[in-house]
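One file, model-v3.cif, carrying mmCIF, C-alpha atoms and all ligand atoms:
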```cif
data_entry
loop_
_atom_site.label_atom_id
_atom_site.label_comp_id
_atom_site.auth_asym_id
_atom_site.auth_seq_id
_atom_site.Cartn_x
_atom_site.Cartn_y
_atom_site.Cartn_z
CA MET X 1378 -2.02 34.92 28.01
CA ALA X 1379 0.04 36.41 25.23
CA ARG X 1380 1.54 33.02 24.55
CA GLY X 1381 -1.91 31.44 24.35
CA TRP X 1382 -2.90 34.12 21.91
CA PHE X 1383 0.14 33.59 19.71
CA GLY X 1384 -0.23 29.85 20.09
CA GLY X 1385 -3.80 30.21 18.87
CA LEU X 1386 -2.53 31.75 15.65
CA SER X 1387 0.03 29.01 15.19
CA LYS X 1388 -0.72 26.21 12.82
CA ASP X 1389 -0.91 22.53 13.66
CA ILE X 1390 1.91 20.75 11.84
CA GLY X 1391 2.67 17.13 10.98
CA ILE X 1392 6.39 16.55 10.54
CA ASP X 1393 8.34 13.76 8.85
CA LEU X 1394 12.01 14.27 9.74
CA GLY X 1395 13.53 11.79 7.33
CA THR X 1396 17.15 10.86 6.85
CA SER X 1397 16.88 12.10 3.24
CA ASN X 1398 13.84 14.38 3.13
CA SER X 1399 11.88 16.37 5.67
CA ILE X 1400 8.26 17.22 5.00
CA PHE X 1401 5.98 19.57 6.92
CA TYR X 1402 2.21 19.21 6.60
CA VAL X 1403 0.07 22.10 7.76
CA ARG X 1404 -3.43 21.29 9.02
CA ASP X 1405 -6.21 22.37 6.63
CA LYS X 1406 -3.58 23.28 4.07
CA GLY X 1407 -1.42 20.31 3.13
CA ILE X 1408 2.28 19.94 2.44
CA ALA X 1409 4.03 23.27 2.97
CA ILE X 1410 7.68 22.25 2.97
CA ASN X 1411 9.36 19.30 1.28
CA GLU X 1412 13.14 19.59 1.28
CA PRO X 1413 16.22 17.41 1.66
CA THR X 1414 17.24 17.19 5.34
CA VAL X 1415 20.39 19.18 4.75
CA ALA X 1416 21.63 22.45 6.20
CA ALA X 1417 24.67 24.56 5.39
CA VAL X 1418 26.10 26.26 8.45
CA ASN X 1419 28.67 29.02 8.87
CA THR X 1420 31.22 27.43 11.21
CA ARG X 1421 32.31 30.81 12.61
CA THR X 1422 28.91 32.27 13.46
CA GLU X 1423 26.92 28.99 13.54
CA ALA X 1424 24.25 30.73 11.47
CA LEU X 1425 22.30 28.85 8.81
CA VAL X 1426 23.60 29.68 5.35
CA ALA X 1427 21.21 27.50 3.34
CA VAL X 1428 18.59 24.82 3.91
CA GLY X 1429 17.23 21.91 1.89
CA THR X 1430 17.88 21.71 -1.85
CA ASP X 1431 20.08 24.82 -1.77
CA ALA X 1432 22.25 23.27 0.95
CA LYS X 1433 22.38 19.87 -0.78
CA ARG X 1434 23.72 21.59 -3.90
CA MET X 1435 26.63 22.94 -1.84
CA MET X 1436 27.74 19.48 -0.71
CA GLY X 1437 31.44 18.95 -1.32
CA LYS X 1438 31.78 22.45 -2.82
CA THR X 1439 32.11 24.62 0.29
CA PRO X 1440 34.94 26.87 1.46
CA ALA X 1441 36.43 26.23 4.89
CA HIS X 1442 34.00 28.39 6.87
CA ILE X 1443 30.87 26.61 5.63
CA THR X 1444 29.95 23.01 6.43
CA VAL X 1445 27.09 21.08 4.96
CA VAL X 1446 25.38 18.93 7.59
CA GLU X 1447 22.85 16.13 7.32
CA PRO X 1448 21.45 16.27 10.87
CA MET X 1449 19.53 12.96 10.67
CA VAL X 1450 21.23 9.57 10.35
CA ALA X 1451 19.19 6.37 10.11
CA GLY X 1452 16.08 8.28 11.15
CA VAL X 1453 17.49 9.72 14.36
CA ILE X 1454 19.02 13.08 15.17
CA SER X 1455 22.79 12.98 14.84
CA ASP X 1456 23.45 16.72 15.09
CA PHE X 1457 21.10 18.24 17.63
CA GLU X 1458 21.96 21.94 17.14
CA VAL X 1459 21.62 21.77 13.37
CA ALA X 1460 18.42 19.70 13.58
CA GLU X 1461 16.89 22.32 15.87
CA LYS X 1462 17.91 25.16 13.57
CA PHE X 1463 16.59 23.31 10.54
CA ILE X 1464 13.19 22.66 12.18
CA LYS X 1465 12.97 26.22 13.54
CA HIS X 1466 13.68 27.60 10.07
CA CYS X 1467 10.88 25.45 8.61
CA ILE X 1468 8.36 26.35 11.34
CA GLU X 1469 9.08 30.05 10.93
CA LYS X 1470 8.85 29.82 7.16
CA ILE X 1471 5.39 28.23 7.49
CA HIS X 1472 4.22 31.11 9.66
CA ARG X 1473 5.81 33.88 7.61
CA GLY X 1474 3.24 36.43 6.57
CA THR X 1475 0.86 35.39 9.35
CA PHE X 1476 0.34 37.19 12.65
CA ALA X 1477 2.02 34.48 14.71
CA PHE X 1478 5.18 36.39 15.58
CA ALA X 1479 6.51 33.64 17.81
CA PRO X 1480 4.87 30.55 16.38
CA ARG X 1481 4.05 27.89 18.99
CA PRO X 1482 2.51 25.12 16.89
CA ARG X 1483 1.12 21.79 18.00
CA THR X 1484 3.10 19.09 16.21
CA ILE X 1485 2.95 15.38 15.44
CA VAL X 1486 6.33 13.97 14.45
CA SER X 1487 7.07 10.56 12.95
CA VAL X 1488 9.93 8.57 14.47
CA PRO X 1489 11.60 5.30 13.44
CA LEU X 1490 10.31 1.93 14.50
CA GLU X 1491 13.25 1.16 16.74
CA ILE X 1492 14.31 4.21 18.69
CA THR X 1493 15.78 4.52 22.16
CA GLU X 1494 14.27 6.62 24.92
CA VAL X 1495 17.20 9.06 24.57
CA GLU X 1496 16.59 9.38 20.81
CA ARG X 1497 12.85 9.97 21.38
CA LYS X 1498 13.66 12.64 23.91
CA ALA X 1499 16.09 14.30 21.49
CA VAL X 1500 13.30 14.61 18.89
CA ILE X 1501 10.89 16.08 21.44
CA ASP X 1502 13.54 18.53 22.72
CA ALA X 1503 14.65 19.65 19.25
CA VAL X 1504 11.09 20.29 18.03
CA THR X 1505 10.18 22.00 21.32
CA ARG X 1506 13.24 24.26 21.20
CA ALA X 1507 12.37 25.01 17.57
CA GLY X 1508 9.13 26.51 18.92
CA ALA X 1509 6.50 23.76 19.24
CA ARG X 1510 4.23 23.93 22.27
CA GLU X 1511 3.28 20.27 21.91
CA VAL X 1512 5.16 17.34 20.34
CA ARG X 1513 3.42 13.99 19.89
CA LEU X 1514 5.29 11.08 18.35
CA VAL X 1515 4.04 8.39 15.99
CA THR X 1516 5.98 5.44 14.59
CA ALA X 1517 6.76 5.93 10.89
CA PRO X 1518 5.21 2.70 9.50
CA LEU X 1519 1.98 3.40 11.45
CA ALA X 1520 1.93 6.93 10.05
CA ALA X 1521 2.52 5.46 6.58
CA ALA X 1522 -0.39 3.03 6.99
CA ILE X 1523 -2.63 5.91 8.06
CA GLY X 1524 -1.35 8.09 5.20
CA ALA X 1525 -2.27 5.24 2.84
CA ARG X 1526 -5.73 5.32 4.46
CA LEU X 1527 -5.62 1.77 5.77
CA ALA X 1528 -8.12 1.18 8.58
CA VAL X 1529 -5.39 0.51 11.15
CA GLN X 1530 -7.82 0.36 14.10
CA GLU X 1531 -9.41 -2.85 12.84
CA SER X 1532 -8.54 -6.21 14.29
CA TYR X 1533 -7.06 -7.22 10.97
CA GLY X 1534 -3.45 -7.76 9.93
CA ARG X 1535 -1.86 -5.43 7.40
CA MET X 1536 1.74 -5.12 6.35
CA VAL X 1537 3.62 -1.94 5.56
CA VAL X 1538 7.19 -1.70 4.28
CA GLU X 1539 8.64 1.83 4.50
CA ILE X 1540 11.90 2.17 2.58
CA GLY X 1541 13.58 5.52 3.21
CA GLY X 1542 17.11 6.78 2.74
CA GLY X 1543 18.58 5.43 5.97
CA THR X 1544 16.22 2.74 7.18
CA THR X 1545 13.73 0.16 6.01
CA SER X 1546 10.88 -0.47 8.44
CA ILE X 1547 8.72 -3.52 8.06
CA ALA X 1548 5.64 -3.69 10.24
CA VAL X 1549 2.59 -5.88 10.69
CA ILE X 1550 -0.20 -3.70 12.01
CA SER X 1551 -3.46 -4.58 13.75
CA LEU X 1552 -5.62 -2.73 16.31
CA SER X 1553 -3.65 0.54 15.86
CA GLY X 1554 -0.46 -1.14 16.99
CA ILE X 1555 2.58 -2.92 15.68
CA VAL X 1556 2.32 -6.65 16.13
CA GLU X 1557 5.57 -7.71 14.50
CA SER X 1558 8.35 -5.64 13.00
CA THR X 1559 11.85 -5.53 11.60
CA MET X 1560 14.01 -2.50 11.02
CA LEU X 1561 17.16 -2.60 8.93
CA LYS X 1562 19.67 0.01 7.91
CA THR X 1563 19.65 -1.29 4.36
CA ALA X 1564 17.72 1.36 2.42
CA GLY X 1565 18.19 3.98 -0.30
CA ASN X 1566 21.59 5.23 0.85
CA VAL X 1567 23.03 1.72 0.86
CA LEU X 1568 21.87 1.20 -2.72
CA ASP X 1569 23.68 4.42 -3.66
CA ALA X 1570 26.85 3.26 -1.90
CA THR X 1571 26.82 -0.09 -3.74
CA ILE X 1572 26.50 1.79 -7.05
CA GLN X 1573 29.51 3.93 -6.09
CA ALA X 1574 31.48 0.78 -5.27
CA PHE X 1575 30.41 -0.78 -8.56
CA ALA X 1576 31.63 2.25 -10.58
CA ARG X 1577 34.95 2.04 -8.76
CA ASP X 1578 35.40 -1.73 -9.12
CA ALA X 1579 34.08 -2.21 -12.65
CA PHE X 1580 35.22 1.03 -14.32
CA ASN X 1581 37.91 2.44 -12.03
CA VAL X 1582 35.79 5.56 -11.79
CA GLY X 1583 35.02 7.52 -8.66
CA ILE X 1584 31.54 9.04 -8.56
CA GLY X 1585 29.82 11.08 -5.85
CA ARG X 1586 26.77 10.07 -3.80
CA LYS X 1587 24.49 12.32 -5.81
CA ALA X 1588 25.65 10.79 -9.10
CA ALA X 1589 25.09 7.29 -7.70
CA GLU X 1590 21.58 8.24 -6.57
CA GLU X 1591 20.86 9.64 -10.00
CA ILE X 1592 21.91 6.36 -11.65
CA LYS X 1593 19.62 4.46 -9.26
CA ILE X 1594 16.64 6.72 -9.91
CA LYS X 1595 17.13 6.87 -13.69
CA ILE X 1596 17.93 3.24 -14.54
CA GLY X 1597 17.95 1.25 -11.30
CA SER X 1598 15.64 -1.75 -10.97
CA ALA X 1599 14.99 -4.89 -8.95
CA MET X 1600 13.68 -6.91 -11.91
CA PRO X 1601 14.39 -6.65 -15.65
CA GLY X 1602 12.08 -4.11 -17.29
CA GLU X 1603 10.45 -4.22 -20.69
CA GLU X 1604 13.18 -2.31 -22.42
CA PRO X 1605 16.85 -2.26 -21.53
CA SER X 1606 18.21 1.17 -20.70
CA GLU X 1607 21.60 2.74 -20.22
CA LEU X 1608 23.06 5.94 -18.95
CA SER X 1609 26.22 7.85 -19.60
CA VAL X 1610 27.95 8.90 -16.38
CA LYS X 1611 30.85 11.26 -15.67
CA GLY X 1612 33.29 10.63 -12.87
CA ARG X 1613 36.95 10.68 -12.01
CA ASN X 1614 39.37 8.14 -13.43
CA MET X 1615 40.87 6.67 -10.27
CA LEU X 1616 44.14 5.87 -12.04
CA THR X 1617 44.81 9.23 -13.70
CA GLY X 1618 42.72 11.50 -11.49
CA LEU X 1619 41.20 13.01 -14.63
CA PRO X 1620 37.54 13.10 -15.72
CA LYS X 1621 36.21 9.96 -17.36
CA GLU X 1622 32.88 9.13 -18.92
CA PHE X 1623 31.44 5.63 -19.00
CA THR X 1624 28.16 3.93 -19.83
CA VAL X 1625 26.18 1.80 -17.38
CA THR X 1626 23.31 -0.49 -18.27
CA ASP X 1627 20.23 -1.30 -16.22
CA GLY X 1628 21.42 -4.91 -15.98
CA ALA X 1629 24.75 -3.90 -14.47
CA VAL X 1630 23.05 -1.62 -11.94
CA ARG X 1631 20.57 -4.38 -11.05
CA GLU X 1632 23.49 -6.70 -10.41
CA ALA X 1633 25.29 -4.03 -8.36
CA ILE X 1634 22.35 -3.46 -6.00
CA LYS X 1635 21.27 -7.09 -5.87
CA ARG X 1636 22.56 -7.83 -2.37
CA PRO X 1637 20.89 -4.99 -0.50
CA VAL X 1638 17.68 -5.54 -2.46
CA ARG X 1639 17.85 -9.21 -1.46
CA ALA X 1640 18.40 -8.20 2.19
CA ILE X 1641 15.19 -6.15 2.11
CA VAL X 1642 13.19 -8.97 0.51
CA ASP X 1643 14.58 -11.48 3.04
CA ALA X 1644 13.66 -9.22 5.96
CA ILE X 1645 10.08 -8.93 4.64
CA ARG X 1646 9.93 -12.72 4.40
CA THR X 1647 11.22 -13.18 7.96
CA THR X 1648 8.70 -10.67 9.28
CA VAL X 1649 5.84 -12.55 7.61
CA GLU X 1650 7.19 -15.82 9.02
CA ASN X 1651 7.32 -14.34 12.52
CA ALA X 1652 3.84 -12.82 12.39
CA PRO X 1653 1.25 -14.54 14.57
CA SER X 1654 -0.59 -17.35 12.76
CA GLU X 1655 -3.92 -15.64 13.45
CA LEU X 1656 -2.86 -12.79 11.17
CA ILE X 1657 -1.35 -14.77 8.29
CA ALA X 1658 -4.64 -15.19 6.45
CA ASP X 1659 -5.24 -11.43 6.70
CA LEU X 1660 -1.77 -10.69 5.35
CA TYR X 1661 -2.24 -12.99 2.38
CA GLU X 1662 -5.50 -11.21 1.63
CA SER X 1663 -4.48 -7.60 2.32
CA GLY X 1664 -0.98 -7.99 0.91
CA ILE X 1665 2.04 -5.77 1.35
CA LEU X 1666 2.04 -1.99 1.00
CA LEU X 1667 5.34 -0.46 -0.12
CA SER X 1668 5.99 3.14 0.88
CA GLY X 1669 8.90 5.61 1.19
CA GLY X 1670 11.17 6.78 -1.63
CA GLY X 1671 12.79 3.35 -1.92
CA ALA X 1672 9.44 1.88 -2.96
CA LEU X 1673 9.91 3.72 -6.26
CA LEU X 1674 12.73 1.38 -7.31
CA ARG X 1675 11.46 -0.14 -10.55
CA GLY X 1676 10.29 -3.74 -10.27
CA LEU X 1677 10.66 -3.93 -6.49
CA ASP X 1678 6.94 -4.55 -6.08
CA ALA X 1679 7.06 -7.32 -8.69
CA LEU X 1680 10.10 -8.92 -7.04
CA VAL X 1681 8.51 -8.91 -3.57
CA ALA X 1682 5.26 -10.29 -5.01
CA LYS X 1683 7.13 -13.07 -6.81
CA GLU X 1684 9.34 -13.99 -3.84
CA LEU X 1685 6.58 -13.96 -1.22
CA THR X 1686 3.66 -14.99 -3.43
CA MET X 1687 1.60 -12.23 -1.85
CA PRO X 1688 -0.16 -9.22 -3.38
CA VAL X 1689 2.08 -6.13 -3.31
CA ARG X 1690 1.14 -2.52 -3.97
CA VAL X 1691 3.16 0.69 -4.05
CA VAL X 1692 1.25 3.45 -2.32
CA ASP X 1693 0.42 6.56 -4.37
CA ASP X 1694 3.08 9.24 -3.86
CA PRO X 1695 5.25 7.08 -1.56
CA LEU X 1696 7.59 9.94 -0.59
CA THR X 1697 4.80 11.74 1.28
CA THR X 1698 2.81 8.85 2.82
CA VAL X 1699 4.27 9.26 6.31
CA VAL X 1700 3.69 13.00 6.54
CA ARG X 1701 0.18 12.68 5.13
CA GLY X 1702 -0.44 10.17 7.93
CA THR X 1703 0.71 12.68 10.54
CA GLY X 1704 -1.56 15.23 8.84
CA LEU X 1705 -4.59 12.96 9.15
CA LEU X 1706 -3.71 12.41 12.82
CA LEU X 1707 -3.85 16.19 13.44
CA ASP X 1708 -7.57 15.89 12.75
CA ASP X 1709 -8.25 12.72 14.71
CA ASP X 1710 -7.46 12.81 18.42
CA SER X 1711 -8.87 9.38 19.19
CA LEU X 1712 -6.82 7.72 16.44
CA LEU X 1713 -3.77 9.63 17.65
CA ALA X 1714 -4.29 8.39 21.20
CA SER X 1715 -4.69 4.81 20.00
CA VAL X 1716 -1.59 4.84 17.79
CA GLU X 1717 0.47 6.50 20.52
CA SER X 1718 -0.15 3.60 22.85
CA GLY X 1719 0.42 1.20 19.95
CA SER X 1720 3.70 2.94 19.11
CA THR X 1721 5.21 2.53 22.53
CA GLY X 1722 3.84 -0.97 22.96
CA SER X 1723 2.55 -0.10 26.45
CA LEU X 1724 -0.46 -1.85 27.90
CA ALA X 1725 -1.75 1.25 29.67
P1 LIG J 1 13.63 9.29 4.37
O1 LIG J 1 12.29 9.11 4.99
O2 LIG J 1 14.68 8.41 4.96
O3 LIG J 1 14.04 10.72 4.30
P2 LIG J 1 12.41 9.06 1.75
O4 LIG J 1 11.16 8.31 1.96
O5 LIG J 1 12.30 10.51 1.52
O6 LIG J 1 13.50 8.77 2.89
O7 LIG J 1 13.15 8.37 0.50
C1 LIG J 1 14.41 8.78 0.11
C2 LIG J 1 15.09 7.64 -0.60
O8 LIG J 1 14.31 7.24 -1.73
C3 LIG J 1 16.45 8.06 -1.14
O9 LIG J 1 17.39 7.01 -0.90
C4 LIG J 1 16.18 8.21 -2.64
O10 LIG J 1 17.33 7.95 -3.41
C5 LIG J 1 15.14 7.14 -2.86
N1 LIG J 1 14.37 7.35 -4.08
C6 LIG J 1 13.67 8.45 -4.43
N2 LIG J 1 13.12 8.30 -5.65
C7 LIG J 1 13.49 7.05 -6.09
C8 LIG J 1 13.26 6.31 -7.29
N3 LIG J 1 12.51 6.80 -8.29
N4 LIG J 1 13.80 5.07 -7.38
C9 LIG J 1 14.54 4.57 -6.37
N5 LIG J 1 14.80 5.22 -5.22
C10 LIG J 1 14.28 6.46 -5.08
MG MG J 2 10.65 8.65 5.71
#
```
Please express the file's structure as structure tokens.
Amino acid sequence: MARGWFGGLSKDIGIDLGTSNSIFYVRDKGIAINEPTVAAVNTRTEALVAVGTDAKRMMGKTPAHITVVEPMVAGVISDFEVAEKFIKHCIEKIHRGTFAFAPRPRTIVSVPLEITEVERKAVIDAVTRAGAREVRLVTAPLAAAIGARLAVQESYGRMVVEIGGGTTSIAVISLSGIVESTMLKTAGNVLDATIQAFARDAFNVGIGRKAAEEIKIKIGSAMPGEEPSELSVKGRNMLTGLPKEFTVTDGAVREAIKRPVRAIVDAIRTTVENAPSELIADLYESGILLSGGGALLRGLDALVAKELTMPVRVVDDPLTTVVRGTGLLLDDDSLLASVESGSTGSLA
């Protein structure tokens, strides 16, 4: 009884546990938490020291008794204990100041396109142990399509490309299900790694992941822009070990990230080629929707449009599309039921 009562005070929550960012959407309220999926843990006591942006800032700067952990890799849980603590912290934070002393929320959680039964179970267990009384799963590109307010239930082909930190998911959707899909581990983090390699090879300078990401966000592009841009970057001279500053141009960064960008474009092309002929006309009409943080890479939409000769659109606020989709599903049980069967591909 007591549990039912506390459960009744708990909020319904849509959760996007991303490799880079985790977002929690509270029903009737909107986005409540949007933080990097990073936790700093005291290795002696196993207690959380910091979460999200605060923890990300500590990366590479911690004393021996603190480790900074990124509990999700390529969209799946890689450190179960830390993932559970991270989620529990977020759920409790959402309920702070309410009368739900032991929050038992209903949750809808997005999961990657290709995920094993063991990985699905790990997500359900972690969110349950973090306090949820119900955990329903939805495939990320379907959640993105719903977040973008596409009418996914229709018998009509639509294409969504979700580019996150760890994975790119490409899906053709019709009748609330995924008809054809490709998932690749070439996504935001790989672009950052190629920029790090470029700084090392071209300038003999070592830079951190965060610096590489900053270069990508500030001047990275998939196609030449209207005005050339450049950025001054500080790193470590690999020969002397001392600090060194150098200047990178947008053209050099474009060249550096060319291969992974090409891999994403090629995977989109293959997915279109493999889509059933009955849906091709729909796809050429509805076009391709780009979502996820990677969709913000300048000129990526133009490059995909040029290479595939199809209309391409970047969804508004691409970093939150997936979680907004889970939020809409909290309000729509019949849509949730239809995408759940579409997500698992069962014929039940
Ligand atoms: P995930 O779902 O895997 O957590 P997100 O959808 O949150 O990923 O996207 C994070 C990725 O998007 C990171 O690799 C980040 O560097 C990248 N990103 C964010 N903003 C931009 C931008 N303006 N240009 C290019 N990439 C970006
Ligand atoms: Mg994501």
Please extract the residues at most 9 Å from ligand LIG 1 (chain J), counting only C-alpha atoms and all ligand atoms, and provide them as a short mmCIF file (atom, residue, chain, number, x, y, z; two decimals) with C-alpha atoms, in the frame of the given file, using the chain letters and residue numbers of this document.
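Okay, out.cif is ready:
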```cif
data_model
loop_
_atom_site.label_atom_id
_atom_site.label_comp_id
_atom_site.auth_asym_id
_atom_site.auth_seq_id
_atom_site.Cartn_x
_atom_site.Cartn_y
_atom_site.Cartn_z
CA ASP X 1393 8.34 13.76 8.85
CA LEU X 1394 12.01 14.27 9.74
CA GLY X 1395 13.53 11.79 7.33
CA THR X 1396 17.15 10.86 6.85
CA SER X 1397 16.88 12.10 3.24
CA ASN X 1398 13.84 14.38 3.13
CA SER X 1399 11.88 16.37 5.67
CA ILE X 1400 8.26 17.22 5.00
CA PRO X 1413 16.22 17.41 1.66
CA THR X 1414 17.24 17.19 5.34
CA MET X 1449 19.53 12.96 10.67
CA VAL X 1450 21.23 9.57 10.35
CA ALA X 1451 19.19 6.37 10.11
CA GLY X 1452 16.08 8.28 11.15
CA ALA X 1517 6.76 5.93 10.89
CA GLU X 1539 8.64 1.83 4.50
CA ILE X 1540 11.90 2.17 2.58
CA GLY X 1541 13.58 5.52 3.21
CA GLY X 1542 17.11 6.78 2.74
CA GLY X 1543 18.58 5.43 5.97
CA THR X 1544 16.22 2.74 7.18
CA THR X 1545 13.73 0.16 6.01
CA ALA X 1564 17.72 1.36 2.42
CA GLY X 1565 18.19 3.98 -0.30
CA ASN X 1566 21.59 5.23 0.85
CA VAL X 1567 23.03 1.72 0.86
CA LEU X 1568 21.87 1.20 -2.72
CA ASP X 1569 23.68 4.42 -3.66
CA LYS X 1587 24.49 12.32 -5.81
CA ALA X 1589 25.09 7.29 -7.70
CA GLU X 1590 21.58 8.24 -6.57
CA GLU X 1591 20.86 9.64 -10.00
CA LYS X 1593 19.62 4.46 -9.26
CA ILE X 1594 16.64 6.72 -9.91
CA LYS X 1595 17.13 6.87 -13.69
CA ILE X 1596 17.93 3.24 -14.54
CA GLY X 1597 17.95 1.25 -11.30
CA SER X 1598 15.64 -1.75 -10.97
CA SER X 1668 5.99 3.14 0.88
CA GLY X 1669 8.90 5.61 1.19
CA GLY X 1670 11.17 6.78 -1.63
CA GLY X 1671 12.79 3.35 -1.92
CA ALA X 1672 9.44 1.88 -2.96
CA LEU X 1673 9.91 3.72 -6.26
CA LEU X 1674 12.73 1.38 -7.31
CA ARG X 1675 11.46 -0.14 -10.55
CA PRO X 1695 5.25 7.08 -1.56
CA LEU X 1696 7.59 9.94 -0.59
CA THR X 1697 4.80 11.74 1.28
CA THR X 1698 2.81 8.85 2.82
CA VAL X 1699 4.27 9.26 6.31
#
```
For Ala1522 of chain X, please output as an mmCIF file with C-alpha atoms, in the frame of the given file all residues within 9 Å (counting only C-alpha atoms; exclusion window: fewer than 2 positions along the same chain).
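As written to disk, out-v4.cif reads:
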```cif
data_model
loop_
_atom_site.group_PDB
_atom_site.id
_atom_site.type_symbol
_atom_site.label_atom_id
_atom_site.label_comp_id
_atom_site.auth_asym_id
_atom_site.auth_seq_id
_atom_site.Cartn_x
_atom_site.Cartn_y
_atom_site.Cartn_z
ATOM 1 C CA ALA X 1517 6.760 5.930 10.890
ATOM 2 C CA PRO X 1518 5.210 2.700 9.500
ATOM 3 C CA LEU X 1519 1.980 3.400 11.450
ATOM 4 C CA ALA X 1520 1.930 6.930 10.050
ATOM 5 C CA GLY X 1524 -1.350 8.090 5.200
ATOM 6 C CA ALA X 1525 -2.270 5.240 2.840
ATOM 7 C CA ARG X 1526 -5.730 5.320 4.460
ATOM 8 C CA LEU X 1527 -5.620 1.770 5.770
ATOM 9 C CA ALA X 1528 -8.120 1.180 8.580
ATOM 10 C CA VAL X 1529 -5.390 0.510 11.150
ATOM 11 C CA ARG X 1535 -1.860 -5.430 7.400
ATOM 12 C CA MET X 1536 1.740 -5.120 6.350
ATOM 13 C CA VAL X 1537 3.620 -1.940 5.560
ATOM 14 C CA ILE X 1550 -0.200 -3.700 12.010
ATOM 15 C CA LEU X 1666 2.040 -1.990 1.000
ATOM 16 C CA SER X 1668 5.990 3.140 0.880
ATOM 17 C CA THR X 1698 2.810 8.850 2.820
ATOM 18 C CA VAL X 1699 4.270 9.260 6.310
ATOM 19 C CA GLY X 1702 -0.440 10.170 7.930
#
```
Inset, instruction - Kindly give the distance, in Å, that separates atom CA of Val1549 of chain X and atom CA of Leu1707 of chain X, rounded to a single decimal. - result: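 Those two atoms sit 23.2 Å apart.
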Set the distance at 12 Å and use all atoms listed in the file: which residues neighbour Glu1603 of chain X once local chain neighbours fewer than 6 positions away are removed? I'd like the list as a PDB file with C-alpha atoms, keeping the file's coordinate frame.
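Okay, this is what ended up in selection.pdb:
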```pdb
ATOM      1  CA  ASP X1627      20.230  -1.300 -16.220  1.00  0.00           C
ATOM      2  CA  GLY X1628      21.420  -4.910 -15.980  1.00  0.00           C
ATOM      3  CA  ARG X1675      11.460  -0.140 -10.550  1.00  0.00           C
ATOM      4  CA  GLY X1676      10.290  -3.740 -10.270  1.00  0.00           C
TER       5      GLY X1676
END
```
Legend entry - Within 7 Å of Ala1460 of chain X using only C-alpha atoms, minus same-chain residues under 4 positions, as a list in words: Pro1448, Ile1454, Asp1456, Ile1464 and Ala1503 of chain X
Legend entry - Atom pair atom CA of Lys1611 of chain X / atom CA of Ala1588 of chain X: separation (Å):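 Straight-line distance from atom CA of Lys1611 of chain X to atom CA of Ala1588 of chain X works out to 8.4 Å.
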Inset, instruction - Figure out the distance between atom CA of Ala1499 of chain X and atom CA of Thr1648 of chain X, please, to one decimal in Å. - result: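 A separation of 28.8 Å between them.
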Inset, instruction - Within 12 Å of (3.8, -4.3, 14.9) (coordinates as in the file), grab all the protein and nucleic acid residues, counting all atoms listed in the file, and write them out as a PyMOL selection string. - result: chain X and resi 1490-1491+1516-1519+1522+1529+1533-1538+1546-1560+1648-1649+1651-1653+1656+1716+1718-1722
Inset, instruction - Counting only C-alpha atoms and all ligand atoms, figure out which residue out of X:Val1495, X:Val1486, X:Ala1507, X:Val1500 gets nearest to ligand MG 2 (chain J). - result: X:Val1486
Legend entry - For Glu1496 of chain X, the nearest of the candidates X:Ser1455, X:Gln1573, X:Asn1411, X:Gln1530, counting all atoms listed in the file: X:Ser1455
Inset, instruction - Would you please work out which residue, of X:Val1418, X:Leu1561, X:Ile1392, X:Ala1479, is nearest to ligand MG 2 (chain J) when using only C-alpha atoms and all ligand atoms? - result: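 Residue with the minimum atom-to-atom distance to ligand MG 2 (chain J): X:Ile1392.
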Legend entry - Residue with smallest distance to ligand MG 2 (chain J) - pool X:Ala1509, X:Leu1667, X:Thr1493, X:Val1488, counting only C-alpha atoms and all ligand atoms: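 The answer is X:Val1488, which sits nearest to ligand MG 2 (chain J).
The nearest approach to ligand MG 2 (chain J) among the residues X:Pro1489, X:Gly1391, X:Gly1618, X:Gly1407, with all atoms listed in the file taken into account, belongs to X:Pro1489.
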For segment 1427-1437 of chain X, work out the shell of residues within 7 Å, counting all atoms listed in the file and skipping chain neighbours fewer than 3 positions away, then give it as a PDB file with C-alpha atoms, in the frame of the given file.
```pdb
ATOM      1  CA  GLU X1412      13.140  19.590   1.280  1.00  0.00           C
ATOM      2  CA  PRO X1413      16.220  17.410   1.660  1.00  0.00           C
ATOM      3  CA  THR X1414      17.240  17.190   5.340  1.00  0.00           C
ATOM      4  CA  VAL X1415      20.390  19.180   4.750  1.00  0.00           C
ATOM      5  CA  ALA X1416      21.630  22.450   6.200  1.00  0.00           C
ATOM      6  CA  ALA X1417      24.670  24.560   5.390  1.00  0.00           C
ATOM      7  CA  VAL X1445      27.090  21.080   4.960  1.00  0.00           C
TER       8      VAL X1445
END
```
Inset, instruction - Kindly indicate which residue among X:Thr1647, X:Ser1487, X:Thr1439, X:Ser1387 lies nearest to ligand MG 2 (chain J), using all atoms listed in the file for the distances. - result: X:Ser1487
Inset, instruction - Would you be able to write out as a ChimeraX atom specification which residues have an atom within 6 Å of (6.2, -8.3, -1.5) in the file's coordinates, counting only C-alpha atoms? - result: /X:1665,1678,1681-1682,1685,1689
Could you write those residues out with C-alpha atoms, as a compact mmCIF listing (two decimals), keeping the file's coordinate frame?
```txt
# COMPACT_ATOMS: atom_id res chain seq x y z
CA ILE X 1665 2.04 -5.77 1.35
CA ASP X 1678 6.94 -4.55 -6.08
CA VAL X 1681 8.51 -8.91 -3.57
CA ALA X 1682 5.26 -10.29 -5.01
CA LEU X 1685 6.58 -13.96 -1.22
CA VAL X 1689 2.08 -6.13 -3.31
```
